[in-house]
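Below: upload-v8.csv (CSV, N, CA and C atoms)
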```csv
chain,number,residue,atom,x,y,z
A,55,MET,N,134.9,90.1,93.0
A,55,MET,CA,134.5,91.5,93.4
A,55,MET,C,133.0,91.6,93.2
A,56,GLN,N,132.4,91.1,92.1
A,56,GLN,CA,131.0,91.3,91.9
A,56,GLN,C,130.2,90.6,93.0
A,57,THR,N,130.6,89.5,93.5
A,57,THR,CA,129.9,88.8,94.5
A,57,THR,C,129.8,89.6,95.8
A,58,VAL,N,130.8,90.4,96.1
A,58,VAL,CA,130.7,91.3,97.3
A,58,VAL,C,129.7,92.4,97.0
A,59,LEU,N,129.7,92.9,95.8
A,59,LEU,CA,128.7,94.0,95.5
A,59,LEU,C,127.3,93.4,95.5
A,60,ASP,N,127.1,92.2,95.0
A,60,ASP,CA,125.8,91.6,95.0
A,60,ASP,C,125.3,91.3,96.4
A,61,SER,N,126.2,90.8,97.3
A,61,SER,CA,125.8,90.5,98.6
A,61,SER,C,125.5,91.8,99.4
A,62,SER,N,126.2,92.8,99.1
A,62,SER,CA,126.0,94.1,99.8
A,62,SER,C,124.6,94.7,99.4
A,63,ALA,N,124.3,94.6,98.1
A,63,ALA,CA,123.0,95.0,97.6
A,63,ALA,C,121.9,94.2,98.3
A,64,LEU,N,122.0,92.9,98.4
A,64,LEU,CA,121.0,92.1,99.0
A,64,LEU,C,120.9,92.4,100.5
A,65,ALA,N,122.0,92.6,101.1
A,65,ALA,CA,122.0,93.0,102.6
A,65,ALA,C,121.2,94.3,102.8
A,66,ARG,N,121.4,95.3,101.9
A,66,ARG,CA,120.7,96.5,102.1
A,66,ARG,C,119.2,96.3,101.9
A,67,PHE,N,118.8,95.5,100.9
A,67,PHE,CA,117.4,95.2,100.6
A,67,PHE,C,116.8,94.5,101.8
A,68,GLY,N,117.6,93.5,102.3
A,68,GLY,CA,117.1,92.7,103.5
A,68,GLY,C,116.9,93.6,104.7
A,69,CYS,N,117.8,94.5,104.9
A,69,CYS,CA,117.7,95.5,106.0
A,69,CYS,C,116.4,96.3,105.9
A,70,ALA,N,116.2,96.8,104.7
A,70,ALA,CA,115.0,97.6,104.4
A,70,ALA,C,113.7,96.8,104.7
A,71,LEU,N,113.7,95.6,104.3
A,71,LEU,CA,112.5,94.8,104.5
A,71,LEU,C,112.4,94.2,105.9
A,72,SER,N,113.5,94.3,106.7
A,72,SER,CA,113.4,93.8,108.1
A,72,SER,C,112.5,94.6,109.0
A,73,ASP,N,112.2,95.8,108.6
A,73,ASP,CA,111.3,96.6,109.4
A,73,ASP,C,109.9,96.6,108.8
A,74,PRO,N,108.9,96.3,109.6
A,74,PRO,CA,107.5,96.3,109.0
A,74,PRO,C,107.1,97.7,108.4
A,75,THR,N,107.5,98.8,109.0
A,75,THR,CA,107.1,100.1,108.4
A,75,THR,C,107.8,100.3,107.1
A,76,ARG,N,109.1,100.0,107.0
A,76,ARG,CA,109.8,100.2,105.7
A,76,ARG,C,109.2,99.3,104.7
A,77,ALA,N,108.9,98.0,105.1
A,77,ALA,CA,108.4,97.1,104.1
A,77,ALA,C,107.0,97.6,103.6
A,78,GLU,N,106.2,98.2,104.5
A,78,GLU,CA,104.9,98.7,104.1
A,78,GLU,C,105.1,99.9,103.1
A,79,ILE,N,106.0,100.7,103.4
A,79,ILE,CA,106.3,101.9,102.5
A,79,ILE,C,106.7,101.4,101.1
A,80,LEU,N,107.6,100.4,101.1
A,80,LEU,CA,108.0,99.8,99.8
A,80,LEU,C,106.8,99.2,99.0
A,81,LEU,N,105.9,98.5,99.8
A,81,LEU,CA,104.8,97.9,99.1
A,81,LEU,C,103.8,99.0,98.6
A,82,ILE,N,103.6,100.1,99.3
A,82,ILE,CA,102.8,101.1,98.8
A,82,ILE,C,103.4,101.8,97.6
A,83,LEU,N,104.7,102.0,97.6
A,83,LEU,CA,105.3,102.7,96.5
A,83,LEU,C,105.4,101.8,95.3
A,84,ARG,N,105.2,100.5,95.5
A,84,ARG,CA,105.2,99.5,94.4
A,84,ARG,C,104.0,99.9,93.5
A,85,ASP,N,103.0,100.4,94.0
A,85,ASP,CA,101.8,100.8,93.2
A,85,ASP,C,101.9,102.2,92.6
A,86,GLY,N,102.9,103.0,93.0
A,86,GLY,CA,103.0,104.3,92.4
A,86,GLY,C,103.6,105.2,93.4
A,87,PRO,N,103.9,106.5,93.0
A,87,PRO,CA,104.6,107.4,93.9
A,87,PRO,C,103.7,107.8,95.1
A,88,GLY,N,104.4,108.2,96.2
A,88,GLY,CA,103.7,108.6,97.4
A,88,GLY,C,104.3,109.9,98.0
A,89,TYR,N,103.5,110.5,98.8
A,89,TYR,CA,103.9,111.8,99.5
A,89,TYR,C,104.0,111.5,101.0
A,90,PRO,N,104.9,112.1,101.7
A,90,PRO,CA,105.1,111.8,103.1
A,90,PRO,C,103.9,111.9,103.9
A,91,SER,N,103.1,113.0,103.8
A,91,SER,CA,101.9,113.2,104.7
A,91,SER,C,100.9,112.1,104.4
A,92,GLU,N,100.7,111.7,103.1
A,92,GLU,CA,99.8,110.6,102.8
A,92,GLU,C,100.3,109.3,103.2
A,93,LEU,N,101.6,109.0,103.1
A,93,LEU,CA,102.1,107.8,103.5
A,93,LEU,C,102.0,107.6,105.0
A,94,ALA,N,102.3,108.7,105.8
A,94,ALA,CA,102.2,108.6,107.2
A,94,ALA,C,100.8,108.3,107.7
A,95,GLU,N,99.8,109.0,107.1
A,95,GLU,CA,98.5,108.8,107.4
A,95,GLU,C,98.0,107.3,107.1
A,96,ARG,N,98.4,106.9,105.9
A,96,ARG,CA,98.0,105.5,105.5
A,96,ARG,C,98.6,104.4,106.3
A,97,ILE,N,99.8,104.6,106.7
A,97,ILE,CA,100.5,103.6,107.6
A,97,ILE,C,100.2,103.8,109.0
A,98,GLY,N,99.8,105.0,109.4
A,98,GLY,CA,99.5,105.2,110.8
A,98,GLY,C,100.7,105.5,111.7
A,99,VAL,N,101.6,106.3,111.2
A,99,VAL,CA,102.8,106.7,112.0
A,99,VAL,C,102.9,108.2,111.9
A,100,SER,N,103.8,108.7,112.7
A,100,SER,CA,104.0,110.2,112.7
A,100,SER,C,104.8,110.5,111.5
A,101,ARG,N,104.8,111.8,111.1
A,101,ARG,CA,105.6,112.2,110.0
A,101,ARG,C,107.1,112.1,110.3
A,102,GLN,N,107.5,112.3,111.5
A,102,GLN,CA,108.9,112.2,111.9
A,102,GLN,C,109.4,110.7,111.8
A,103,ILE,N,108.6,109.8,112.2
A,103,ILE,CA,108.9,108.4,112.1
A,103,ILE,C,109.0,108.0,110.6
A,104,LEU,N,108.0,108.4,109.8
A,104,LEU,CA,108.0,108.2,108.4
A,104,LEU,C,109.3,108.7,107.8
A,105,SER,N,109.6,110.0,108.1
A,105,SER,CA,110.8,110.6,107.6
A,105,SER,C,112.1,109.8,107.8
A,106,ASN,N,112.2,109.3,109.0
A,106,ASN,CA,113.4,108.5,109.4
A,106,ASN,C,113.4,107.2,108.5
A,107,HIS,N,112.3,106.6,108.3
A,107,HIS,CA,112.2,105.4,107.4
A,107,HIS,C,112.5,105.7,106.0
A,108,LEU,N,112.0,106.8,105.5
A,108,LEU,CA,112.3,107.2,104.1
A,108,LEU,C,113.8,107.6,103.9
A,109,ALA,N,114.4,108.2,105.0
A,109,ALA,CA,115.8,108.4,104.9
A,109,ALA,C,116.6,107.1,104.8
A,110,CYS,N,116.2,106.2,105.5
A,110,CYS,CA,116.9,104.8,105.5
A,110,CYS,C,116.7,104.2,104.1
A,111,LEU,N,115.5,104.3,103.5
A,111,LEU,CA,115.3,103.7,102.2
A,111,LEU,C,116.0,104.4,101.1
A,112,ARG,N,116.2,105.8,101.3
A,112,ARG,CA,117.0,106.5,100.3
A,112,ARG,C,118.4,106.1,100.5
A,113,GLY,N,118.9,106.0,101.7
A,113,GLY,CA,120.3,105.6,101.9
A,113,GLY,C,120.6,104.2,101.4
A,114,CYS,N,119.6,103.3,101.4
A,114,CYS,CA,119.8,102.0,100.9
A,114,CYS,C,119.7,102.0,99.4
A,115,GLY,N,119.3,103.1,98.8
A,115,GLY,CA,119.2,103.2,97.3
A,115,GLY,C,117.9,102.6,96.8
A,116,LEU,N,116.9,102.4,97.6
A,116,LEU,CA,115.7,101.8,97.2
A,116,LEU,C,114.6,102.8,96.7
A,117,VAL,N,114.7,104.0,97.2
A,117,VAL,CA,113.7,105.0,96.8
A,117,VAL,C,114.4,106.3,96.4
A,118,THR,N,113.7,107.1,95.6
A,118,THR,CA,114.2,108.4,95.2
A,118,THR,C,113.2,109.4,95.6
A,119,VAL,N,113.6,110.7,95.8
A,119,VAL,CA,112.8,111.8,96.1
A,119,VAL,C,112.9,112.8,95.1
A,120,SER,N,111.7,113.4,94.7
A,120,SER,CA,111.7,114.5,93.7
A,120,SER,C,110.8,115.6,94.3
A,121,PRO,N,111.4,116.8,94.4
A,121,PRO,CA,110.7,118.0,94.9
A,121,PRO,C,109.6,118.3,93.9
A,122,GLU,N,108.4,118.7,94.4
A,122,GLU,CA,107.3,119.1,93.6
A,122,GLU,C,106.7,120.3,94.4
A,123,GLY,N,107.3,121.5,94.1
A,123,GLY,CA,106.8,122.7,94.8
A,123,GLY,C,107.2,122.6,96.3
A,124,ARG,N,106.2,122.6,97.1
A,124,ARG,CA,106.4,122.5,98.6
A,124,ARG,C,106.3,121.1,99.1
A,125,ARG,N,106.1,120.1,98.2
A,125,ARG,CA,106.0,118.7,98.6
A,125,ARG,C,107.1,117.9,98.0
A,126,SER,N,107.3,116.7,98.5
A,126,SER,CA,108.3,115.8,97.9
A,126,SER,C,107.6,114.5,97.5
A,127,ARG,N,107.9,114.0,96.3
A,127,ARG,CA,107.3,112.8,95.9
A,127,ARG,C,108.4,111.7,96.0
A,128,TYR,N,108.0,110.6,96.5
A,128,TYR,CA,108.8,109.4,96.7
A,128,TYR,C,108.4,108.3,95.7
A,129,ASP,N,109.4,107.7,95.0
A,129,ASP,CA,109.2,106.6,94.1
A,129,ASP,C,110.2,105.5,94.4
A,130,LEU,N,109.9,104.3,93.9
A,130,LEU,CA,110.9,103.3,94.0
A,130,LEU,C,112.1,103.7,93.0
A,131,ALA,N,113.3,103.4,93.4
A,131,ALA,CA,114.4,103.9,92.6
A,131,ALA,C,114.6,103.1,91.3
A,132,ASP,N,114.0,102.0,91.2
A,132,ASP,CA,114.1,101.2,90.0
A,132,ASP,C,112.8,100.3,89.9
A,133,PRO,N,112.2,100.3,88.7
A,133,PRO,CA,110.9,99.5,88.6
A,133,PRO,C,111.1,98.0,88.9
A,134,ARG,N,112.3,97.5,88.8
A,134,ARG,CA,112.6,96.1,89.1
A,134,ARG,C,112.4,95.8,90.6
A,135,ILE,N,112.4,96.8,91.4
A,135,ILE,CA,112.2,96.6,92.9
A,135,ILE,C,110.7,96.2,93.1
A,136,ALA,N,109.8,96.8,92.3
A,136,ALA,CA,108.4,96.4,92.4
A,136,ALA,C,108.2,94.9,92.0
A,137,HIS,N,108.9,94.5,91.0
A,137,HIS,CA,108.8,93.1,90.5
A,137,HIS,C,109.4,92.2,91.6
A,138,ALA,N,110.6,92.6,92.2
A,138,ALA,CA,111.2,91.8,93.2
A,138,ALA,C,110.3,91.6,94.4
A,139,LEU,N,109.6,92.7,94.8
A,139,LEU,CA,108.7,92.6,95.9
A,139,LEU,C,107.5,91.7,95.6
A,140,THR,N,107.0,91.8,94.4
A,140,THR,CA,105.9,90.9,94.0
A,140,THR,C,106.3,89.5,94.0
A,141,ASP,N,107.5,89.2,93.5
A,141,ASP,CA,108.1,87.8,93.6
A,141,ASP,C,108.2,87.3,95.0
A,142,LEU,N,108.8,88.2,95.9
A,142,LEU,CA,108.9,87.8,97.3
A,142,LEU,C,107.6,87.5,97.9
A,143,LEU,N,106.6,88.3,97.6
A,143,LEU,CA,105.3,88.0,98.2
A,143,LEU,C,104.7,86.7,97.8
A,144,GLY,N,105.1,86.3,96.6
A,144,GLY,CA,104.6,85.0,96.1
A,144,GLY,C,105.2,83.8,96.7
A,145,LEU,N,106.3,84.0,97.4
A,145,LEU,CA,106.9,82.8,98.1
A,145,LEU,C,106.1,82.3,99.3
A,146,VAL,N,106.1,81.0,99.4
A,146,VAL,CA,105.5,80.4,100.6
A,146,VAL,C,106.6,79.8,101.4
A,147,LEU,N,106.8,80.3,102.6
A,147,LEU,CA,107.9,79.9,103.4
A,147,LEU,C,107.4,79.2,104.7
A,148,ASP,N,108.1,78.2,105.2
A,148,ASP,CA,107.8,77.6,106.4
A,148,ASP,C,108.6,78.3,107.5
A,149,VAL,N,108.0,79.2,108.2
A,149,VAL,CA,108.7,80.1,109.1
A,149,VAL,C,108.6,79.7,110.5
A,150,ASP,N,109.7,79.7,111.3
A,150,ASP,CA,109.7,79.4,112.7
A,150,ASP,C,109.6,80.8,113.4
A,151,PRO,N,108.5,81.2,113.9
A,151,PRO,CA,108.3,82.5,114.5
A,151,PRO,C,109.3,82.8,115.7
A,152,ALA,N,109.8,81.8,116.3
A,152,ALA,CA,110.8,82.0,117.4
A,152,ALA,C,112.1,82.4,116.9
A,153,CYS,N,112.4,82.0,115.6
A,153,CYS,CA,113.7,82.3,115.0
A,153,CYS,C,113.8,83.7,114.4
A,154,CYS,N,112.7,84.2,113.9
A,154,CYS,CA,112.7,85.5,113.2
A,154,CYS,C,111.5,86.4,113.8
A,155,PRO,N,111.7,86.8,115.0
A,155,PRO,CA,110.6,87.7,115.6
A,155,PRO,C,110.5,89.0,114.9
A,156,VAL,N,109.3,89.5,114.7
A,156,VAL,CA,109.1,90.8,114.2
A,156,VAL,C,109.2,91.8,115.3
A,157,SER,N,110.0,92.9,115.1
A,157,SER,CA,110.2,93.9,116.2
A,157,SER,C,110.0,95.3,115.6
A,158,ASP,N,109.3,96.1,116.3
A,158,ASP,CA,109.1,97.5,115.8
A,158,ASP,C,110.3,98.4,116.2
A,159,ASP,N,111.2,97.9,117.0
A,159,ASP,CA,112.3,98.8,117.4
A,159,ASP,C,113.6,98.5,116.7
A,160,GLN,N,113.6,97.8,115.6
A,160,GLN,CA,114.8,97.6,114.8
A,160,GLN,C,115.3,98.9,114.2
A,161,GLY,N,116.6,99.1,114.3
A,161,GLY,CA,117.1,100.3,113.6
A,161,GLY,C,117.4,100.0,112.2
A,162,CYS,N,117.8,101.1,111.5
A,162,CYS,CA,118.1,101.0,110.1
A,162,CYS,C,119.6,100.5,110.0
A,163,CYS,N,119.8,99.8,108.9
A,163,CYS,CA,121.2,99.2,108.7
A,163,CYS,C,122.1,100.3,108.3
```
Please, can you express the file's structure as structure tokens?
Amino acid sequence: MQTVLDSSALARFGCALSDPTRAEILLILRDGPGYPSELAERIGVSRQILSNHLACLRGCGLVTVSPEGRRSRYDLADPRIAHALTDLLGLVLDVDPACCPVSDDQGCC
């Protein structure tokens, strides 16, 4: 049973990372909390698009939201996510671009 839970968690993490915008959000949050308006401006997307991606990341259990007055602060759900992202960035892979194209129209898992 644990193997199923492990593979499910990895699949959610992989789904989150499969979209460049969600990956960028996670990388920014790796350095500390973020606020939607600042994240949208930094990434160069509309607040609505950012909101959709944040909802996906919350649903995957990767980020949390904390209300701060009229604003919402987003953080990684667990500090180990930052370590995992750093470890993944350190990997050097021999990638076949034809096999794994990057697409901006991928939906959330």
ask   = To one decimal place, how far is atom CA of A:Arg125 from atom CA of A:His107 in Å?
value = 17.1 Å
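With all atoms listed in the file taken into account, the protein and nucleic acid residues at most 6.5 Å from A:Leu83 (excluding it and anything under 5 positions from it in its own chain) are Glu78, Gly88, Tyr128, Asp129 and Leu130 of chain A.
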request  = Just give me the gap between atom CA of A:Ile82 and atom CA of A:Leu145 in Å, one decimal is fine.
outcome  = 18.8 Å
task = Tell me which protein, DNA and RNA residues are within 7 Å of A:Arg84, counting only N, CA and C atoms, leaving out same-chain ones fewer than 2 positions away, and put them as a list in words.
result = Ile79, Leu80, Leu81, Ile82, Gly86, Pro87, Leu130, Ile135 and Ala136 of chain A
task = Could you please determine the separation between atom CA of A:Val99 and atom CA of A:Gly123 in Å, to one decimal place?
result =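 Atom-to-atom, atom CA of A:Val99 and atom CA of A:Gly123 are spaced 23.8 Å apart.
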Residues within 6 Å of A:Arg127, only N, CA and C atoms, excluding chain neighbours under 3 positions, as a ChimeraX atom specification = /A:88-89,118-122
request  = Go through chain A and collect every residue that DSSP, computed from the backbone, puts in helix (DSSP H, G or I); the answer should be as a PyMOL selection string.
outcome  = chain A and resi 56-71+74-84+90-97+101-113+133-143
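With only C-alpha atoms as the atoms that count, the residue of A:Asp85, A:Asp150, A:Leu104, A:Leu139 with the shortest distance to A:Leu71 is A:Leu139.
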query = Among stretch 79-138 of chain A, which ones does DSSP place in strand (DSSP E or B), written as a PyMOL selection string?
reply = chain A and resi 88+117-122+125-130
